[in-house]
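Data block below; observations after.
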Amino acid sequence: MSSSPFPSIRAASLVLGIETSCDETAASVVGRGADGAPVILSNVVLSQVEEHAAFGGVVPEIAARAHVEALDGIVGAALADAGIGFHALSGVAATVGPGLVGGLIVGAMTGKAIAAACDLPFIAVNHLEGHALTPRLTDAVAYPYLMLLVSGGHTQILLVRGLGAYERWGTTIDDALGEAFDKTAKLLGLGQPGGPVVERRAESGDPGRFALPRPMRGETRLDFSFSGLKTAVRLAAEAAAPLSEGDLDDLCASFQAAAAQSLADRVTRALRRFRSEFPDLVDPVLAVAGGVAANRSIRAELETACAKAGTRLVAPPLKLCTDNAAMIAHAGLERLEAGRLDALSAPVRPRWPLDERAEPLVGFGRRGAKA
Ligand code: KG4
Ligand code: ZN
């Protein structure tokens with residue numbers, strides 16, 4: 001019998017998940033309910049935003065040290081919130097990549113140590129797989145489905161065929177979309193993170209005031225590009241300087257509209273391919289993850305694109321769209337149930353594409369830390 005206070009949780013299905021790949025220290029316990037649906041028993045996330053604020057970005061060394069200081073307390077809190085001890089667990093999952101190597105080592109070593117000390121299976125999880133499987137955690141979405149990952153570190157369209165079976169249909173050839181929001185905010189002298197600030201200012205701005213490009217629109221390949229858009233904002237800002245508050249609002253609105261429409265164009269094309277590859281799906285789904293999915297005008301564009309393509313848009317609650325450990329525990333649970341366990345010698349992998357055949361993307365731009 002499980003010692004869990006959640007009576008409907010199956011005793012053999014509690015997984016502790018640990019996430020330390022970037023600037024969130026997170027731990028969570030996820031189980032499976034008697035009806036087979038996953039259940040989040042706890043989900044603790046400690047953001048390091050303040051530690052990095054003065055530097056205008058995530059500093060890897062500071063991040064790694066902050067993970068070391070916080071992680072045991074966060075794991076303890078996740079177990080306490082779930083009302084269980086280590087020995088009620090059936091497995092331990094940790095993110096081993098992609099991400100910043102120092103943080104990955106902290107999380108992987110902690111997970112392995114708990115697994116070794118409690119004689120539990122260890123599951124080495126790809127952070128992107130955590131995001132990719134989130135619609136199954138929140139909405140019990142059945143395989144296959146299409147996934148749009150839009151955060152500060154990644155911008156990808158993935159076909160999720162099944163556990164461990166992912167095809168990357170498109171990715172950014174330069175900046176991630178969240179990164180473009182952040183850089184745009186920075187060049188306009190607005191605060192960080194840029195996404196929420198730009199969205200707020202855009203509310204009172206005129207999206208038609210500045211003629212900005214819609215990068216990649218109409219391209220056959222499903223990739224994204226956002227750095228040219230950011231440069232176009234810079235040139236428009238320089239031409240309009242000195243900028244009034246109204247100019248800033250208009251620049252934000254114009255940027256956001258261009259970004260949303262570029263994204264919608266790529267997604268529309270991907271949906272067309274999805275519908276033609278899986279014509280018999282009863283309930284075709286596009287799911288989103290990543291912090292940018294919080295943006296209301298981006299969501300509206302995606303809703304429209306999905307409605308036109310006869311596809312259901314699944315947008316999990318924001319705290320499960322952004323980095324968290326529940327998605328890692330849940331991916332670990334699916335892997336544990338499939339018997340896909342890892343040795344304690346499993347290495348961390350700072351670069352680890354979900355679709356290994358899709359890498360590298362030769363001849364195009366830089367890849368972000370998590371690409
Ligand atoms: O998924 P996330 O929390 O962390 C990772 O990057 O992994 O995403 C953070 C990114 C940042 O670039 C932030 O500016 C962007 O998501 N973001 C937004 C909004 N809220 C957060 N972008 C546009 N509109 C928003 N409302
Ligand atoms: Zn992430």
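Quick note on naming: the chains in the structure tokens go A, B, ... in the order shown, residues restart at 1 in each chain, and ligands are numbered from 1 in order of appearance.
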
Closest contacts (chain A/ligand 1, max 9 Å, only C-alpha atoms and all ligand atoms) as a tab-separated table:
residue	atom	partner	partner_atom_place_in_ligand_line	distance
A:Ser21	CA	ligand 1	7 (O)	8.9
A:Cys22	CA	ligand 1	7 (O)	7.2
A:Asp23	CA	ligand 1	4 (O)	8.3
A:Glu24	CA	ligand 1	4 (O)	8.7
A:Leu149	CA	ligand 1	1 (O)	8.5
A:Val150	CA	ligand 1	1 (O)	7.1
A:Ser151	CA	ligand 1	8 (O)	4.0
A:Gly152	CA	ligand 1	6 (O)	3.2
A:Gly153	CA	ligand 1	6 (O)	4.5
A:His154	CA	ligand 1	6 (O)	6.9
A:Ala176	CA	ligand 1	12 (O)	7.9
A:Leu177	CA	ligand 1	12 (O)	7.0
A:Gly178	CA	ligand 1	12 (O)	3.3
A:Glu179	CA	ligand 1	12 (O)	4.7
A:Ala180	CA	ligand 1	12 (O)	7.4
A:Phe181	CA	ligand 1	14 (O)	5.6
A:Asp182	CA	ligand 1	14 (O)	5.1
A:Lys183	CA	ligand 1	12 (O)	8.7
A:Ala185	CA	ligand 1	14 (O)	8.8
A:Gln192	CA	ligand 1	14 (O)	7.1
A:Pro193	CA	ligand 1	14 (O)	4.5
A:Gly194	CA	ligand 1	14 (O)	4.4
A:Gly195	CA	ligand 1	22 (N)	3.3
A:Pro196	CA	ligand 1	26 (N)	4.0
A:Val197	CA	ligand 1	26 (N)	7.5
A:Val198	CA	ligand 1	24 (N)	7.0
A:Glu199	CA	ligand 1	24 (N)	5.5
A:Arg200	CA	ligand 1	26 (N)	7.9
A:Gln256	CA	ligand 1	23 (C)	8.2
A:Ala289	CA	ligand 1	1 (O)	7.2
A:Gly290	CA	ligand 1	1 (O)	3.7
A:Gly291	CA	ligand 1	8 (O)	3.5
A:Val292	CA	ligand 1	22 (N)	3.7
A:Ala293	CA	ligand 1	19 (C)	6.9
A:Ala294	CA	ligand 1	26 (N)	4.7
A:Asn295	CA	ligand 1	26 (N)	3.8
A:Arg296	CA	ligand 1	26 (N)	7.0
A:Ser297	CA	ligand 1	24 (N)	8.4
A:Ile298	CA	ligand 1	24 (N)	7.8
A:Leu318	CA	ligand 1	3 (O)	8.9
A:Lys319	CA	ligand 1	3 (O)	8.5
A:Cys321	CA	ligand 1	1 (O)	6.4
A:Thr322	CA	ligand 1	1 (O)	3.8
A:Asp323	CA	ligand 1	1 (O)	5.4
A:Asn324	CA	ligand 1	3 (O)	8.9
A:Lys370	CA	ligand 1	7 (O)	8.0

Could you save those same residues with C-alpha atoms as a CSV table (one decimal), in the first residue's frame?
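Once written, selection.csv looks like this:
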chain,number,residue,atom,x,y,z
A,21,SER,CA,18.2,22.7,-16.8
A,22,CYS,CA,17.9,26.5,-16.8
A,23,ASP,CA,16.9,29.0,-14.2
A,24,GLU,CA,14.1,27.1,-12.4
A,149,LEU,CA,7.0,24.7,-28.4
A,150,VAL,CA,7.5,28.5,-28.0
A,151,SER,CA,9.7,29.7,-25.2
A,152,GLY,CA,12.8,31.7,-24.5
A,153,GLY,CA,15.0,28.8,-25.5
A,154,HIS,CA,13.1,26.9,-28.2
A,176,ALA,CA,13.7,31.6,-30.3
A,177,LEU,CA,10.4,33.6,-30.3
A,178,GLY,CA,10.6,34.4,-26.5
A,179,GLU,CA,14.1,35.5,-27.1
A,180,ALA,CA,12.9,37.9,-29.9
A,181,PHE,CA,10.3,39.3,-27.4
A,182,ASP,CA,13.1,39.7,-24.8
A,183,LYS,CA,15.6,41.3,-27.2
A,185,ALA,CA,12.0,44.8,-25.1
A,192,GLN,CA,12.7,41.8,-18.6
A,193,PRO,CA,11.4,39.3,-19.3
A,194,GLY,CA,10.3,41.1,-22.4
A,195,GLY,CA,7.2,39.0,-23.4
A,196,PRO,CA,4.8,40.3,-20.8
A,197,VAL,CA,6.1,43.9,-21.0
A,198,VAL,CA,5.7,43.9,-24.8
A,199,GLU,CA,2.3,42.4,-24.6
A,200,ARG,CA,1.1,45.0,-22.1
A,256,GLN,CA,3.8,41.4,-31.7
A,289,ALA,CA,3.9,24.8,-24.5
A,290,GLY,CA,6.4,27.4,-23.5
A,291,GLY,CA,6.1,30.9,-21.9
A,292,VAL,CA,5.2,32.6,-25.1
A,293,ALA,CA,2.0,30.6,-25.2
A,294,ALA,CA,0.8,33.0,-22.5
A,295,ASN,CA,0.5,35.8,-25.1
A,296,ARG,CA,-3.1,36.5,-25.9
A,297,SER,CA,-2.7,37.8,-29.4
A,298,ILE,CA,-0.5,34.8,-30.3
A,318,LEU,CA,0.5,28.4,-18.0
A,319,LYS,CA,2.4,27.0,-15.0
A,321,CYS,CA,3.5,25.4,-20.1
A,322,THR,CA,6.6,27.0,-18.6
A,323,ASP,CA,9.4,25.1,-17.1
A,324,ASN,CA,8.4,22.8,-14.2
A,370,LYS,CA,18.3,24.6,-25.3

Find the residues around Glu61 in chain A up to 8 Å (only C-alpha atoms counted), leave out those fewer than 3 positions away in its own chain, and share them as a ChimeraX atom specification. /A:64-65,102

How would the residues just chosen look if you wrote them out with N, CA and C atoms as a PDB file, in the first residue's frame?
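Printed below is result_15.pdb as written:
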ATOM      1  N   ALA A  64      23.899  27.369 -11.606  1.00  0.00           N
ATOM      2  CA  ALA A  64      24.320  26.079 -11.047  1.00  0.00           C
ATOM      3  C   ALA A  64      24.436  26.166  -9.530  1.00  0.00           C
ATOM      4  N   ARG A  65      25.021  27.247  -9.051  1.00  0.00           N
ATOM      5  CA  ARG A  65      25.178  27.392  -7.592  1.00  0.00           C
ATOM      6  C   ARG A  65      23.825  27.519  -6.903  1.00  0.00           C
ATOM      7  N   GLY A 102      25.978  22.915 -15.888  1.00  0.00           N
ATOM      8  CA  GLY A 102      26.136  22.925 -14.433  1.00  0.00           C
ATOM      9  C   GLY A 102      24.842  22.536 -13.735  1.00  0.00           C
TER      10      GLY A 102
END

Between CA of Leu354 in chain A and CA of Trp169 in chain A, what is the distance in Å, rounded to a tenth?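 CA of Trp169 in chain A lies 11.3 Å from CA of Leu354 in chain A.
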
Within 9 Å of Leu159 in chain A, counting only C-alpha atoms, which residues show up once you throw out same-chain ones fewer than 5 positions away? Write them as a list in words, please.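 Final neighbour list, sorted by chain and number: Pro144, Tyr145, Leu146, Met147, Ala165, Tyr166, Glu167, Arg168, Trp169 and Phe274 of chain A.
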
Just to be explicit: take each residue in the selection above, keep all heavy atoms, and write the result as an mmCIF file, in the first residue's frame.
data_model
loop_
_atom_site.group_PDB
_atom_site.id
_atom_site.type_symbol
_atom_site.label_atom_id
_atom_site.label_comp_id
_atom_site.auth_asym_id
_atom_site.auth_seq_id
_atom_site.Cartn_x
_atom_site.Cartn_y
_atom_site.Cartn_z
ATOM 1 N N PRO A 144 -1.262 10.166 -32.192
ATOM 2 C CA PRO A 144 -0.261 11.210 -32.394
ATOM 3 C C PRO A 144 -0.907 12.606 -32.325
ATOM 4 O O PRO A 144 -2.106 12.740 -32.525
ATOM 5 C CB PRO A 144 0.212 10.929 -33.822
ATOM 6 C CG PRO A 144 -1.021 10.430 -34.519
ATOM 7 C CD PRO A 144 -1.816 9.681 -33.476
ATOM 8 N N TYR A 145 -0.083 13.597 -32.047
ATOM 9 C CA TYR A 145 -0.556 14.979 -32.078
ATOM 10 C C TYR A 145 0.610 15.879 -32.467
ATOM 11 O O TYR A 145 1.767 15.437 -32.512
ATOM 12 C CB TYR A 145 -1.157 15.413 -30.733
ATOM 13 C CG TYR A 145 -0.263 15.209 -29.534
ATOM 14 C CD1 TYR A 145 0.566 16.220 -29.074
ATOM 15 C CD2 TYR A 145 -0.251 13.997 -28.851
ATOM 16 C CE1 TYR A 145 1.382 16.030 -27.962
ATOM 17 C CE2 TYR A 145 0.558 13.796 -27.741
ATOM 18 C CZ TYR A 145 1.376 14.825 -27.298
ATOM 19 O OH TYR A 145 2.188 14.631 -26.208
ATOM 20 N N LEU A 146 0.257 17.136 -32.768
ATOM 21 C CA LEU A 146 1.276 18.106 -33.167
ATOM 22 C C LEU A 146 1.544 19.032 -31.990
ATOM 23 O O LEU A 146 0.621 19.376 -31.246
ATOM 24 C CB LEU A 146 0.751 18.906 -34.366
ATOM 25 C CG LEU A 146 1.763 19.437 -35.364
ATOM 26 C CD1 LEU A 146 2.620 18.328 -35.932
ATOM 27 C CD2 LEU A 146 1.026 20.158 -36.490
ATOM 28 N N MET A 147 2.792 19.417 -31.834
ATOM 29 C CA MET A 147 3.193 20.195 -30.660
ATOM 30 C C MET A 147 3.929 21.453 -31.123
ATOM 31 O O MET A 147 4.827 21.368 -31.959
ATOM 32 C CB MET A 147 4.160 19.285 -29.885
ATOM 33 C CG MET A 147 4.602 19.798 -28.576
ATOM 34 S SD MET A 147 3.297 19.535 -27.378
ATOM 35 C CE MET A 147 3.679 20.908 -26.304
ATOM 36 N N ALA A 165 9.054 8.867 -29.730
ATOM 37 C CA ALA A 165 8.982 8.922 -31.196
ATOM 38 C C ALA A 165 8.554 10.319 -31.633
ATOM 39 O O ALA A 165 7.356 10.613 -31.734
ATOM 40 C CB ALA A 165 8.012 7.873 -31.716
ATOM 41 N N TYR A 166 9.549 11.168 -31.859
ATOM 42 C CA TYR A 166 9.276 12.571 -32.163
ATOM 43 C C TYR A 166 9.925 12.938 -33.490
ATOM 44 O O TYR A 166 11.050 12.544 -33.758
ATOM 45 C CB TYR A 166 9.840 13.484 -31.062
ATOM 46 C CG TYR A 166 9.477 12.993 -29.682
ATOM 47 C CD1 TYR A 166 10.405 12.314 -28.904
ATOM 48 C CD2 TYR A 166 8.188 13.153 -29.195
ATOM 49 C CE1 TYR A 166 10.057 11.819 -27.653
ATOM 50 C CE2 TYR A 166 7.833 12.658 -27.946
ATOM 51 C CZ TYR A 166 8.778 11.996 -27.184
ATOM 52 O OH TYR A 166 8.421 11.501 -25.970
ATOM 53 N N GLU A 167 9.188 13.713 -34.282
ATOM 54 C CA GLU A 167 9.765 14.237 -35.525
ATOM 55 C C GLU A 167 9.734 15.744 -35.440
ATOM 56 O O GLU A 167 8.667 16.328 -35.269
ATOM 57 C CB GLU A 167 8.911 13.811 -36.726
ATOM 58 C CG GLU A 167 9.203 12.434 -37.221
ATOM 59 C CD GLU A 167 8.231 12.041 -38.333
ATOM 60 O OE1 GLU A 167 7.788 12.916 -39.115
ATOM 61 O OE2 GLU A 167 7.896 10.850 -38.382
ATOM 62 N N ARG A 168 10.893 16.345 -35.572
ATOM 63 C CA ARG A 168 10.913 17.802 -35.571
ATOM 64 C C ARG A 168 10.641 18.283 -36.984
ATOM 65 O O ARG A 168 11.447 18.072 -37.877
ATOM 66 C CB ARG A 168 12.279 18.308 -35.081
ATOM 67 C CG ARG A 168 12.227 19.789 -34.721
ATOM 68 C CD ARG A 168 13.568 20.300 -34.280
ATOM 69 N NE ARG A 168 14.506 20.314 -35.387
ATOM 70 C CZ ARG A 168 15.834 20.404 -35.250
ATOM 71 N NH1 ARG A 168 16.352 20.468 -34.046
ATOM 72 N NH2 ARG A 168 16.614 20.421 -36.301
ATOM 73 N N TRP A 169 9.511 18.913 -37.163
ATOM 74 C CA TRP A 169 9.136 19.390 -38.497
ATOM 75 C C TRP A 169 9.689 20.779 -38.777
ATOM 76 O O TRP A 169 9.879 21.158 -39.915
ATOM 77 C CB TRP A 169 7.606 19.405 -38.643
ATOM 78 C CG TRP A 169 7.021 18.044 -38.872
ATOM 79 C CD1 TRP A 169 7.698 16.849 -38.859
ATOM 80 C CD2 TRP A 169 5.660 17.732 -39.167
ATOM 81 N NE1 TRP A 169 6.835 15.820 -39.123
ATOM 82 C CE2 TRP A 169 5.581 16.331 -39.320
ATOM 83 C CE3 TRP A 169 4.503 18.503 -39.309
ATOM 84 C CZ2 TRP A 169 4.375 15.685 -39.604
ATOM 85 C CZ3 TRP A 169 3.314 17.857 -39.600
ATOM 86 C CH2 TRP A 169 3.246 16.462 -39.750
ATOM 87 N N PHE A 274 0.005 17.882 -41.269
ATOM 88 C CA PHE A 274 -0.493 16.951 -40.240
ATOM 89 C C PHE A 274 -1.800 16.302 -40.689
ATOM 90 O O PHE A 274 -1.979 15.087 -40.616
ATOM 91 C CB PHE A 274 -0.686 17.737 -38.939
ATOM 92 C CG PHE A 274 -1.151 16.934 -37.758
ATOM 93 C CD1 PHE A 274 -0.471 15.786 -37.358
ATOM 94 C CD2 PHE A 274 -2.259 17.331 -37.026
ATOM 95 C CE1 PHE A 274 -0.885 15.052 -36.258
ATOM 96 C CE2 PHE A 274 -2.685 16.601 -35.918
ATOM 97 C CZ PHE A 274 -1.997 15.460 -35.541
#

Residue contacts of Ser42 in chain A (7 Å, only C-alpha atoms) excluding same-chain residues fewer than 3 positions away, as a list in words: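 Non-adjacent residues within range: Ser28, Val29, Ala78, Asp81 and Ala82 of chain A.
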
Counting only C-alpha atoms, which residue out of A:Met216, A:Leu251, A:Ala77, A:Val92 sits closest to Asp265 in chain A?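 Using only C-alpha atoms, the shortest distance to Asp265 in chain A belongs to A:Met216.
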
Please, which residues of range 197-335 of chain A, numbered as in this document, come out helix (DSSP H, G or I) from DSSP, as number ranges by chain? A: 197-202, 227-240, 245-277, 291-294, 296-308, 318-321, 326-335

Give me the residues near Asp139 in chain A as a ChimeraX atom specification, where near means some atom within 10 Å (using only C-alpha atoms) and where sequence neighbours in that chain fewer than 4 positions away do not count. /A:37-38,134-135,287,314-316

Going by DSSP on the backbone, which bits of range 126-172 of chain A are strand (DSSP E or B)? Write them as a PyMOL selection string, please. chain A and resi 126+145-150+155-162+165-172

Could you give me, as a PDB file with all heavy atoms, in the first residue's frame, the residues within 8 Å of Arg269 in chain A, counting only C-alpha atoms and dropping anything in the same chain fewer than 4 positions from it?
ATOM      1  N   THR A 220       8.152  26.944 -47.886  1.00  0.00           N
ATOM      2  CA  THR A 220       7.688  25.558 -47.857  1.00  0.00           C
ATOM      3  C   THR A 220       8.165  24.852 -46.592  1.00  0.00           C
ATOM      4  O   THR A 220       7.408  24.143 -45.939  1.00  0.00           O
ATOM      5  CB  THR A 220       8.249  24.791 -49.077  1.00  0.00           C
ATOM      6  OG1 THR A 220       8.095  25.626 -50.206  1.00  0.00           O
ATOM      7  CG2 THR A 220       7.519  23.484 -49.279  1.00  0.00           C
ATOM      8  N   LEU A 222       9.220  24.212 -42.767  1.00  0.00           N
ATOM      9  CA  LEU A 222       8.420  24.660 -41.623  1.00  0.00           C
ATOM     10  C   LEU A 222       9.233  25.403 -40.560  1.00  0.00           C
ATOM     11  O   LEU A 222       8.802  25.537 -39.426  1.00  0.00           O
ATOM     12  CB  LEU A 222       7.720  23.448 -40.996  1.00  0.00           C
ATOM     13  CG  LEU A 222       6.596  22.877 -41.876  1.00  0.00           C
ATOM     14  CD1 LEU A 222       6.079  21.556 -41.341  1.00  0.00           C
ATOM     15  CD2 LEU A 222       5.472  23.879 -42.001  1.00  0.00           C
ATOM     16  N   ASP A 265       1.438  31.576 -39.802  1.00  0.00           N
ATOM     17  CA  ASP A 265       1.705  31.080 -41.162  1.00  0.00           C
ATOM     18  C   ASP A 265       2.408  29.730 -41.120  1.00  0.00           C
ATOM     19  O   ASP A 265       2.044  28.790 -41.832  1.00  0.00           O
ATOM     20  CB  ASP A 265       2.583  32.098 -41.904  1.00  0.00           C
ATOM     21  CG  ASP A 265       3.022  31.556 -43.258  1.00  0.00           C
ATOM     22  OD1 ASP A 265       2.218  31.610 -44.206  1.00  0.00           O
ATOM     23  OD2 ASP A 265       4.163  31.050 -43.356  1.00  0.00           O
ATOM     24  N   ARG A 273       0.044  19.768 -43.319  1.00  0.00           N
ATOM     25  CA  ARG A 273       0.817  18.524 -43.453  1.00  0.00           C
ATOM     26  C   ARG A 273       0.299  17.457 -42.481  1.00  0.00           C
ATOM     27  O   ARG A 273       0.163  16.283 -42.842  1.00  0.00           O
ATOM     28  CB  ARG A 273       2.301  18.822 -43.180  1.00  0.00           C
ATOM     29  CG  ARG A 273       3.145  17.578 -43.190  1.00  0.00           C
ATOM     30  CD  ARG A 273       4.633  17.909 -43.119  1.00  0.00           C
ATOM     31  NE  ARG A 273       5.375  16.685 -42.833  1.00  0.00           N
ATOM     32  CZ  ARG A 273       6.652  16.657 -42.496  1.00  0.00           C
ATOM     33  NH1 ARG A 273       7.346  17.786 -42.413  1.00  0.00           N
ATOM     34  NH2 ARG A 273       7.248  15.512 -42.243  1.00  0.00           N
TER      35      ARG A 273
END
